[in-house]
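Here is upload-v2.txt, consisting of compact mmCIF, C-alpha atoms:
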# COMPACT_ATOMS: atom_id res chain seq x y z
CA MET A 1 0.00 0.00 0.00
CA ALA A 2 1.27 3.45 -0.88
CA GLU A 3 1.99 5.68 2.11
CA THR A 4 1.37 8.89 0.16
CA VAL A 5 -1.12 9.84 -2.52
CA ALA A 6 0.37 10.59 -5.93
CA PRO A 7 -0.47 14.15 -7.05
CA GLU A 8 -1.92 12.77 -10.29
CA PHE A 9 -4.40 10.64 -8.35
CA ALA A 10 -5.36 13.57 -6.15
CA ARG A 11 -5.92 15.79 -9.20
CA PHE A 12 -8.07 13.12 -10.85
CA VAL A 13 -10.31 12.80 -7.79
CA GLU A 14 -10.56 16.58 -7.43
CA ALA A 15 -11.56 16.89 -11.10
CA GLU A 16 -14.26 14.26 -10.57
CA ARG A 17 -15.61 16.30 -7.66
CA ARG A 18 -15.62 19.53 -9.66
CA ALA A 19 -17.57 17.73 -12.37
CA SER A 20 -20.07 16.50 -9.72
CA ARG A 21 -19.29 12.87 -10.53
CA LEU A 22 -18.01 12.28 -6.99
CA PRO A 23 -19.20 13.68 -3.64
CA ALA A 24 -17.12 15.94 -1.43
CA MET A 25 -14.20 14.46 0.50
CA ALA A 26 -14.98 11.49 2.68
CA SER A 27 -16.02 12.54 6.15
CA ARG A 28 -13.73 11.92 9.09
CA LYS A 29 -16.80 10.34 10.73
CA MET A 30 -16.45 7.25 8.54
CA ALA A 31 -16.20 4.27 10.88
CA GLU A 32 -14.23 1.13 10.07
CA GLY A 33 -15.92 -0.87 7.33
CA ASP A 34 -17.95 2.08 6.02
CA VAL A 35 -17.81 2.44 2.24
CA PHE A 36 -17.60 5.65 0.22
CA GLU A 37 -19.14 6.37 -3.17
CA PRO A 38 -17.64 4.40 -6.10
CA VAL A 39 -14.97 6.12 -8.19
CA PHE A 40 -15.11 5.47 -11.93
CA ILE A 41 -12.08 5.77 -14.22
CA GLU A 42 -12.94 5.89 -17.91
CA ALA A 43 -10.96 3.49 -20.09
CA GLY A 44 -9.13 6.35 -21.81
CA ARG A 45 -7.87 7.74 -18.49
CA SER A 46 -6.85 4.35 -17.11
CA VAL A 47 -3.69 4.22 -19.24
CA GLU A 48 -2.43 7.56 -17.96
CA LEU A 49 -3.14 6.71 -14.34
CA LEU A 50 -1.71 3.19 -14.63
CA ARG A 51 1.57 4.72 -15.82
CA VAL A 52 1.63 6.81 -12.66
CA ALA A 53 1.25 3.58 -10.70
CA SER A 54 3.98 1.91 -12.79
CA ARG A 55 6.49 4.61 -11.88
CA ARG A 56 5.66 4.17 -8.21
CA ALA A 57 5.85 0.39 -8.54
CA ALA A 58 9.37 0.88 -9.93
CA GLY A 59 10.32 2.96 -6.89
CA PHE A 60 9.89 6.50 -8.27
CA PHE A 61 7.69 8.47 -5.87
CA ARG A 62 8.75 11.89 -7.16
CA PRO A 63 8.60 13.31 -10.71
CA THR A 64 11.18 11.68 -12.97
CA GLN A 65 12.21 11.74 -16.61
CA ARG A 66 13.17 8.07 -16.46
CA SER A 67 11.18 6.08 -19.00
CA GLU A 68 12.56 2.65 -18.11
CA VAL A 69 14.35 0.71 -15.42
CA VAL A 70 16.82 -2.16 -15.77
CA TRP A 71 16.31 -5.34 -13.78
CA VAL A 72 19.42 -7.38 -13.05
CA GLU A 73 19.65 -10.97 -11.83
CA GLY A 74 23.04 -12.61 -12.10
CA GLU A 75 24.19 -12.15 -15.69
CA ASN A 76 20.66 -11.43 -16.96
CA GLU A 77 19.39 -7.91 -17.58
CA LEU A 78 15.98 -6.70 -18.72
CA ALA A 79 14.96 -3.12 -19.53
CA VAL A 80 11.36 -2.46 -18.49
CA GLY A 81 9.58 0.50 -20.06
CA ILE A 82 7.67 2.01 -17.15
CA ALA A 83 6.55 5.01 -19.22
CA GLY A 84 5.05 2.80 -21.92
CA VAL A 85 2.92 0.46 -19.82
CA ASP A 86 -0.46 0.07 -21.50
CA VAL A 87 -3.80 -1.36 -20.44
CA LYS A 88 -6.82 -2.76 -22.30
CA LEU A 89 -10.14 -3.37 -20.55
CA ALA A 90 -13.05 -5.74 -21.12
CA ASP A 91 -15.82 -7.04 -18.89
CA GLY A 92 -14.02 -8.57 -15.92
CA LEU A 93 -10.62 -8.38 -17.62
CA ILE A 94 -7.55 -6.15 -17.36
CA ARG A 95 -4.80 -6.72 -19.91
CA VAL A 96 -1.53 -5.02 -18.93
CA ARG A 97 1.15 -4.71 -21.60
CA ILE A 98 4.72 -4.02 -20.44
CA PRO A 99 7.38 -2.91 -22.96
CA VAL A 100 10.65 -4.78 -22.45
CA ARG A 101 13.95 -5.20 -24.24
CA CYS A 102 17.08 -7.26 -23.88
CA ASP A 103 19.90 -8.46 -26.14
CA GLN A 104 18.18 -11.76 -26.84
CA SER A 105 14.71 -10.43 -27.71
CA GLY A 106 15.23 -6.84 -28.80
CA ALA A 107 12.29 -4.53 -28.17
CA ALA A 108 9.19 -6.55 -27.30
CA GLY A 109 6.09 -6.57 -25.16
CA VAL A 110 4.84 -8.85 -22.42
CA GLU A 111 1.12 -9.08 -21.65
CA VAL A 112 -0.39 -10.05 -18.32
CA LEU A 113 -4.13 -10.77 -18.24
CA PHE A 114 -6.03 -10.41 -14.95
CA ALA A 115 -9.54 -11.77 -14.46
CA THR A 116 -11.40 -9.49 -12.04
CA GLY A 117 -14.89 -8.70 -10.93
CA SER A 118 -17.23 -6.88 -13.31
CA PRO A 119 -20.25 -4.61 -12.69
CA SER A 120 -22.60 -7.57 -13.19
CA GLU A 121 -20.42 -10.07 -11.30
CA PRO A 122 -18.56 -8.31 -8.47
CA ALA A 123 -15.68 -10.18 -6.85
CA GLY A 124 -14.32 -7.75 -4.27
CA LEU A 125 -10.63 -7.05 -4.81
CA TYR A 126 -9.97 -10.54 -6.13
CA ALA A 127 -8.01 -11.07 -9.35
CA ALA A 128 -6.58 -14.16 -11.01
CA THR A 129 -3.97 -14.61 -13.72
CA ALA A 130 -1.97 -17.33 -15.44
CA ARG A 131 1.40 -18.24 -13.96
CA ARG A 132 3.21 -17.29 -17.17
CA PRO A 133 2.50 -14.08 -19.09
CA ASN A 134 2.41 -13.83 -22.89
CA GLY A 135 5.63 -12.68 -24.53
CA PRO A 136 8.96 -13.80 -25.98
CA GLU A 137 9.95 -17.14 -24.49
CA VAL A 138 13.46 -15.96 -23.64
CA VAL A 139 11.99 -13.11 -21.58
CA VAL A 140 9.12 -15.04 -20.00
CA ALA A 141 11.33 -17.95 -18.99
CA ALA A 142 13.69 -15.71 -17.02
CA TRP A 143 11.42 -12.86 -15.91
CA GLY A 144 7.84 -14.18 -16.06
CA ASP A 145 7.20 -14.21 -12.30
CA ALA A 146 8.69 -10.74 -11.83
CA LEU A 147 6.68 -9.29 -14.72
CA VAL A 148 3.40 -10.72 -13.39
CA ALA A 149 4.19 -9.30 -9.96
CA PHE A 150 5.07 -5.91 -11.47
CA ALA A 151 1.86 -5.81 -13.52
CA TRP A 152 -0.22 -6.61 -10.43
CA GLN A 153 1.62 -3.99 -8.42
CA CYS A 154 0.69 -1.45 -11.12
CA VAL A 155 -2.99 -2.41 -10.97
CA LEU A 156 -3.03 -2.53 -7.17
CA GLY A 157 -1.15 0.78 -6.98
CA LEU A 158 -3.75 2.39 -9.22
CA VAL A 159 -6.81 1.23 -7.28
CA THR A 160 -5.14 1.83 -3.91
CA GLY A 161 -3.97 5.30 -4.91
CA ILE A 162 -7.37 6.39 -6.20
CA ALA A 163 -9.15 5.04 -3.10
CA ALA A 164 -6.67 6.85 -0.85
CA ALA A 165 -7.19 10.10 -2.76
CA THR A 166 -10.89 10.12 -1.89
CA GLY A 167 -10.24 10.89 1.78
CA LYS A 168 -9.69 9.51 5.27
CA ASP A 169 -11.62 7.62 7.91
CA ALA A 170 -12.48 8.67 11.45
CA ARG A 171 -8.98 7.73 12.67
CA GLY A 172 -7.24 9.77 9.97
CA ASN A 173 -6.24 6.79 7.84
CA LEU A 174 -6.45 6.89 4.07
CA LEU A 175 -9.32 4.90 2.60
CA VAL A 176 -8.54 1.57 0.91
CA PRO A 177 -10.16 -0.21 -2.03
CA VAL A 178 -12.59 -2.98 -1.12
CA GLU A 179 -13.95 -3.72 -4.59
CA LEU A 180 -12.71 -3.53 -8.17
CA ALA A 181 -15.14 -3.84 -11.08
CA VAL A 182 -13.89 -3.70 -14.66
CA SER A 183 -15.77 -3.28 -17.94
CA ALA A 184 -14.90 -2.10 -21.43
CA ARG A 185 -16.03 1.37 -20.31
CA GLY A 186 -13.54 1.62 -17.47
CA ILE A 187 -12.59 0.72 -13.91
CA GLN A 188 -14.82 1.24 -10.89
CA ILE A 189 -13.24 1.35 -7.42
CA LEU A 190 -15.12 1.22 -4.13
CA PRO A 191 -13.19 2.91 -1.26
CA MET A 192 -13.70 1.79 2.33
CA ALA A 193 -12.59 2.81 5.82
CA ARG A 194 -10.14 0.13 6.88
CA HIS A 195 -10.67 -2.25 9.78
CA ARG A 196 -8.35 -2.01 12.77
CA PHE A 197 -6.79 -5.43 12.20
CA SER A 198 -5.32 -4.22 8.87
CA GLY A 199 -2.52 -2.30 10.57
CA SER A 200 -3.22 1.14 9.18
CA SER A 201 -1.34 3.38 11.58
CA THR A 202 1.32 4.37 9.03
CA LEU A 203 -1.11 5.22 6.23
CA LYS A 204 -2.00 8.76 7.19
CA GLY A 205 -1.65 11.45 4.58
Now, as a test, write the supplied structure out as structure tokens.
Amino acid sequence: MAETVAPEFARFVEAERRASRLPAMASRKMAEGDVFEPVFIEAGRSVELLRVASRRAAGFFRPTQRSEVVWVEGENELAVGIAGVDVKLADGLIRVRIPVRCDQSGAAGVEVLFATGSPSEPAGLYAATARRPNGPEVVVAAWGDALVAFAWQCVLGLVTGIAAATGKDARGNLLVPVELAVSARGIQILPMARHRFSGSSTLKG
């Protein structure tokens, strides 16, 4: 979970409020387990916001001109294009495409498909994916697990960041996502005031 809200997420939520698509900031009277109004991200905006999450997943929490990072394991290296991460949406599906390059594959892309809840079939924050992503065999064989984990961190960072940007609960903790529903139109996130057992004392913004 992110300990601070990315400015881009905060600006998105504020714009939604100005457009009257989202109520005013969550009240500090929200008790644990209370849910806020759903936040909807149109498909066209999801790419931009996912790239914010990808930079944070790569460890960049301040503005940066870096467009890629290089992963190193032993003698293997893989350049990961954090600025070019893309996303395609369908009912109950999120397809994350990560640009990569290495000496063996050249420039290529790896796709990770997540099955999630949809507006007609909600599934909380649950998501499932295949063990191996789609992409060049030489890349997937060496980096498949790491790329799946990175793609999920991007998705989780997006929904967590947007939920946190909506406000705080009665104890001053940032709200967390409790439900993710995906359709071809976009991503809907349901923020909630966290329960005490979730260890939220450090997530105050």
Excluding same-chain residues fewer than 4 positions from Phe150 (chain A), what lies within 9 Å of it counting only C-alpha atoms, as an MDAnalysis selection string?
chainID A and resid 54 57:58 145:146 154:155
Now that the selection is made, can you save its residues with C-alpha atoms as an mmCIF file, in the frame of the given file?
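Listing of selection.cif after writing:
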data_model
loop_
_atom_site.group_PDB
_atom_site.id
_atom_site.type_symbol
_atom_site.label_atom_id
_atom_site.label_comp_id
_atom_site.auth_asym_id
_atom_site.auth_seq_id
_atom_site.Cartn_x
_atom_site.Cartn_y
_atom_site.Cartn_z
ATOM 1 C CA SER A 54 3.980 1.910 -12.790
ATOM 2 C CA ALA A 57 5.850 0.390 -8.540
ATOM 3 C CA ALA A 58 9.370 0.880 -9.930
ATOM 4 C CA ASP A 145 7.200 -14.210 -12.300
ATOM 5 C CA ALA A 146 8.690 -10.740 -11.830
ATOM 6 C CA CYS A 154 0.690 -1.450 -11.120
ATOM 7 C CA VAL A 155 -2.990 -2.410 -10.970
#
What is the CA of Val72 (chain A) to CA of Gly135 (chain A) distance in Å?
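The value is 18.7 Å.
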Hey, can you check how far CA of Glu137 (chain A) sits from CA of Ser105 (chain A)?
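So the answer is 8.8 Å.
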For Glu73 (chain A), which of A:Ala115, A:Pro133, A:Val100, A:Ala142 is the closest residue, counting only C-alpha atoms?
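Answer, going by the shortest atom-to-atom distance: A:Ala142.
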What does the structure give for the distance between CA of Phe36 (chain A) and CA of Val87 (chain A), in Å to one decimal?
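About the pair CA of Phe36 (chain A) and CA of Val87 (chain A): they are 25.8 Å apart.
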Residues near Ala31 (chain A), cut-off 12 Å, all atoms listed in the file, skip fewer than 5 positions along chain, as a CSV table (one decimal) with C-alpha atoms, in the frame of the given file:
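Ended up saving to around21.csv:
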chain,number,residue,atom,x,y,z
A,26,ALA,CA,-15.0,11.5,2.7
A,36,PHE,CA,-17.6,5.6,0.2
A,168,LYS,CA,-9.7,9.5,5.3
A,169,ASP,CA,-11.6,7.6,7.9
A,170,ALA,CA,-12.5,8.7,11.4
A,171,ARG,CA,-9.0,7.7,12.7
A,172,GLY,CA,-7.2,9.8,10.0
A,173,ASN,CA,-6.2,6.8,7.8
A,175,LEU,CA,-9.3,4.9,2.6
A,192,MET,CA,-13.7,1.8,2.3
A,193,ALA,CA,-12.6,2.8,5.8
A,194,ARG,CA,-10.1,0.1,6.9
A,195,HIS,CA,-10.7,-2.2,9.8
A,196,ARG,CA,-8.4,-2.0,12.8
Kindly complete region 62-83 of chain A to N, CA, C and O atoms; the output should be written as a PDB file, in the coordinates of the input.
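Result went into out.pdb, see below:
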ATOM      1  N   ARG A  62       8.683  10.475  -6.803  1.00  0.00           N
ATOM      2  CA  ARG A  62       8.750  11.890  -7.160  1.00  0.00           C
ATOM      3  C   ARG A  62       8.839  11.994  -8.681  1.00  0.00           C
ATOM      4  O   ARG A  62       9.166  11.014  -9.353  1.00  0.00           O
ATOM      5  N   PRO A  63       8.539  13.172  -9.249  1.00  0.00           N
ATOM      6  CA  PRO A  63       8.600  13.310 -10.710  1.00  0.00           C
ATOM      7  C   PRO A  63       9.958  12.876 -11.252  1.00  0.00           C
ATOM      8  O   PRO A  63      11.006  13.144 -10.657  1.00  0.00           O
ATOM      9  N   THR A  64       9.942  12.181 -12.368  1.00  0.00           N
ATOM     10  CA  THR A  64      11.180  11.680 -12.970  1.00  0.00           C
ATOM     11  C   THR A  64      11.046  11.679 -14.479  1.00  0.00           C
ATOM     12  O   THR A  64       9.942  11.534 -15.016  1.00  0.00           O
ATOM     13  N   GLN A  65      12.172  11.838 -15.162  1.00  0.00           N
ATOM     14  CA  GLN A  65      12.210  11.740 -16.610  1.00  0.00           C
ATOM     15  C   GLN A  65      12.547  10.324 -17.069  1.00  0.00           C
ATOM     16  O   GLN A  65      12.571  10.045 -18.271  1.00  0.00           O
ATOM     17  N   ARG A  66      12.817   9.448 -16.117  1.00  0.00           N
ATOM     18  CA  ARG A  66      13.170   8.070 -16.460  1.00  0.00           C
ATOM     19  C   ARG A  66      11.986   7.402 -17.148  1.00  0.00           C
ATOM     20  O   ARG A  66      10.862   7.429 -16.657  1.00  0.00           O
ATOM     21  N   SER A  67      12.249   6.772 -18.280  1.00  0.00           N
ATOM     22  CA  SER A  67      11.180   6.080 -19.000  1.00  0.00           C
ATOM     23  C   SER A  67      11.290   4.563 -18.851  1.00  0.00           C
ATOM     24  O   SER A  67      10.368   3.846 -19.240  1.00  0.00           O
ATOM     25  N   GLU A  68      12.409   4.084 -18.313  1.00  0.00           N
ATOM     26  CA  GLU A  68      12.560   2.650 -18.110  1.00  0.00           C
ATOM     27  C   GLU A  68      13.513   2.384 -16.953  1.00  0.00           C
ATOM     28  O   GLU A  68      14.261   3.265 -16.524  1.00  0.00           O
ATOM     29  N   VAL A  69      13.429   1.168 -16.453  1.00  0.00           N
ATOM     30  CA  VAL A  69      14.350   0.710 -15.420  1.00  0.00           C
ATOM     31  C   VAL A  69      14.977  -0.590 -15.918  1.00  0.00           C
ATOM     32  O   VAL A  69      14.423  -1.261 -16.803  1.00  0.00           O
ATOM     33  N   VAL A  70      16.125  -0.938 -15.363  1.00  0.00           N
ATOM     34  CA  VAL A  70      16.820  -2.160 -15.770  1.00  0.00           C
ATOM     35  C   VAL A  70      16.843  -3.116 -14.587  1.00  0.00           C
ATOM     36  O   VAL A  70      17.336  -2.778 -13.506  1.00  0.00           O
ATOM     37  N   TRP A  71      16.263  -4.296 -14.790  1.00  0.00           N
ATOM     38  CA  TRP A  71      16.310  -5.340 -13.780  1.00  0.00           C
ATOM     39  C   TRP A  71      17.547  -6.199 -14.030  1.00  0.00           C
ATOM     40  O   TRP A  71      17.884  -6.512 -15.179  1.00  0.00           O
ATOM     41  N   VAL A  72      18.204  -6.579 -12.946  1.00  0.00           N
ATOM     42  CA  VAL A  72      19.420  -7.380 -13.050  1.00  0.00           C
ATOM     43  C   VAL A  72      19.300  -8.579 -12.113  1.00  0.00           C
ATOM     44  O   VAL A  72      18.958  -8.435 -10.931  1.00  0.00           O
ATOM     45  N   GLU A  73      19.572  -9.767 -12.647  1.00  0.00           N
ATOM     46  CA  GLU A  73      19.650 -10.970 -11.830  1.00  0.00           C
ATOM     47  C   GLU A  73      20.781 -11.828 -12.376  1.00  0.00           C
ATOM     48  O   GLU A  73      20.687 -12.388 -13.473  1.00  0.00           O
ATOM     49  N   GLY A  74      21.869 -11.904 -11.625  1.00  0.00           N
ATOM     50  CA  GLY A  74      23.040 -12.610 -12.100  1.00  0.00           C
ATOM     51  C   GLY A  74      23.586 -11.945 -13.356  1.00  0.00           C
ATOM     52  O   GLY A  74      23.853 -10.740 -13.364  1.00  0.00           O
ATOM     53  N   GLU A  75      23.699 -12.699 -14.436  1.00  0.00           N
ATOM     54  CA  GLU A  75      24.190 -12.150 -15.690  1.00  0.00           C
ATOM     55  C   GLU A  75      23.052 -11.664 -16.589  1.00  0.00           C
ATOM     56  O   GLU A  75      23.307 -11.140 -17.687  1.00  0.00           O
ATOM     57  N   ASN A  76      21.815 -11.824 -16.154  1.00  0.00           N
ATOM     58  CA  ASN A  76      20.660 -11.430 -16.960  1.00  0.00           C
ATOM     59  C   ASN A  76      20.248  -9.999 -16.675  1.00  0.00           C
ATOM     60  O   ASN A  76      20.246  -9.566 -15.513  1.00  0.00           O
ATOM     61  N   GLU A  77      19.894  -9.266 -17.718  1.00  0.00           N
ATOM     62  CA  GLU A  77      19.390  -7.910 -17.580  1.00  0.00           C
ATOM     63  C   GLU A  77      18.155  -7.746 -18.458  1.00  0.00           C
ATOM     64  O   GLU A  77      18.077  -8.308 -19.550  1.00  0.00           O
ATOM     65  N   LEU A  78      17.200  -6.979 -17.966  1.00  0.00           N
ATOM     66  CA  LEU A  78      15.980  -6.700 -18.720  1.00  0.00           C
ATOM     67  C   LEU A  78      15.599  -5.245 -18.510  1.00  0.00           C
ATOM     68  O   LEU A  78      15.448  -4.788 -17.368  1.00  0.00           O
ATOM     69  N   ALA A  79      15.450  -4.502 -19.603  1.00  0.00           N
ATOM     70  CA  ALA A  79      14.960  -3.120 -19.530  1.00  0.00           C
ATOM     71  C   ALA A  79      13.437  -3.156 -19.572  1.00  0.00           C
ATOM     72  O   ALA A  79      12.843  -3.757 -20.472  1.00  0.00           O
ATOM     73  N   VAL A  80      12.819  -2.485 -18.610  1.00  0.00           N
ATOM     74  CA  VAL A  80      11.360  -2.460 -18.490  1.00  0.00           C
ATOM     75  C   VAL A  80      10.888  -1.029 -18.715  1.00  0.00           C
ATOM     76  O   VAL A  80      11.299  -0.106 -18.001  1.00  0.00           O
ATOM     77  N   GLY A  81      10.029  -0.843 -19.696  1.00  0.00           N
ATOM     78  CA  GLY A  81       9.580   0.500 -20.060  1.00  0.00           C
ATOM     79  C   GLY A  81       8.422   0.973 -19.207  1.00  0.00           C
ATOM     80  O   GLY A  81       7.252   0.798 -19.564  1.00  0.00           O
ATOM     81  N   ILE A  82       8.717   1.590 -18.082  1.00  0.00           N
ATOM     82  CA  ILE A  82       7.670   2.010 -17.150  1.00  0.00           C
ATOM     83  C   ILE A  82       6.794   3.118 -17.726  1.00  0.00           C
ATOM     84  O   ILE A  82       5.630   3.272 -17.335  1.00  0.00           O
ATOM     85  N   ALA A  83       7.326   3.916 -18.651  1.00  0.00           N
ATOM     86  CA  ALA A  83       6.550   5.010 -19.220  1.00  0.00           C
ATOM     87  C   ALA A  83       5.651   4.545 -20.363  1.00  0.00           C
ATOM     88  O   ALA A  83       4.795   5.301 -20.828  1.00  0.00           O
TER      89      ALA A  83
END
